[in-house]
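Colleague: Structure provided below as structure tokens; questions to follow.
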Amino acid sequence: MMLYPAMNKLTANIPNRYLLVNVVARRARQISQEAEDLGEKMTVKPVTLAIQEVADGMLSVEAADVVIKDVE
């Protein structure tokens, strides 16, 4: 089974796999809550969006908080 994005790309941004799982889960909950608050129907799963944000380098981990970087 092939994962996309590749695990080495994800761990380049967050080197610890266990921390990666926590970051993705926390961000997915944030995405889900934001969509619910705005009354938006999600067509893509929040976990998929969170993983893509990690792969794109939009998330970092600082002091056990998930920080969303401005990448524009």
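Within each chain, counting starts at residue 1; across the structure tokens, chains are named A, B, ... in the order shown, with ligands numbered 1 upward in that order.
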So which bits of chain A end up alpha helix (DSSP H) when you DSSP the backbone, as an NGL selection string?
Modeller: :A and (7-13 or 17-38 or 46-55)
Colleague: Would you mind listing what lies within 12 Å of Lys9 in chain A as a VMD selection string, with only C-alpha atoms counted and same-chain residues fewer than 3 positions away left out?
Modeller: chain A and resid 3 to 6 12 to 15 17 20 51 to 57
Colleague: As a list in words, please: every residue in chain A that DSSP puts in strand (DSSP E).
Modeller: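 Taking chain A and keeping strand (DSSP E) only, one gets Leu59, Ser60, Val61, Glu62, Asp65, Val66, Val67 and Ile68 of chain A.
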Colleague: Write the selection just made, keeping N, CA and C atoms, as a compact mmCIF listing (two decimals), in the first residue's frame?
Modeller:
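Wrote it out as part36.txt, contents follow:
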# COMPACT_ATOMS: atom_id res chain seq x y z
N LEU A 59 2.17 23.43 8.99
CA LEU A 59 2.04 23.19 10.42
C LEU A 59 3.41 22.97 11.03
N SER A 60 3.57 23.48 12.24
CA SER A 60 4.77 23.19 13.01
C SER A 60 4.35 22.92 14.44
N VAL A 61 5.26 22.41 15.22
CA VAL A 61 4.96 22.10 16.61
C VAL A 61 5.84 22.96 17.49
N GLU A 62 5.22 23.75 18.33
CA GLU A 62 5.95 24.60 19.26
C GLU A 62 5.28 24.52 20.62
N ASP A 65 1.84 22.95 21.08
CA ASP A 65 0.71 23.57 20.40
C ASP A 65 0.92 23.44 18.90
N VAL A 66 -0.18 23.27 18.20
CA VAL A 66 -0.11 23.23 16.75
C VAL A 66 -0.16 24.66 16.24
N VAL A 67 0.82 25.03 15.46
CA VAL A 67 0.92 26.39 14.93
C VAL A 67 0.75 26.32 13.42
N ILE A 68 -0.16 27.12 12.90
CA ILE A 68 -0.38 27.19 11.47
C ILE A 68 0.46 28.33 10.92
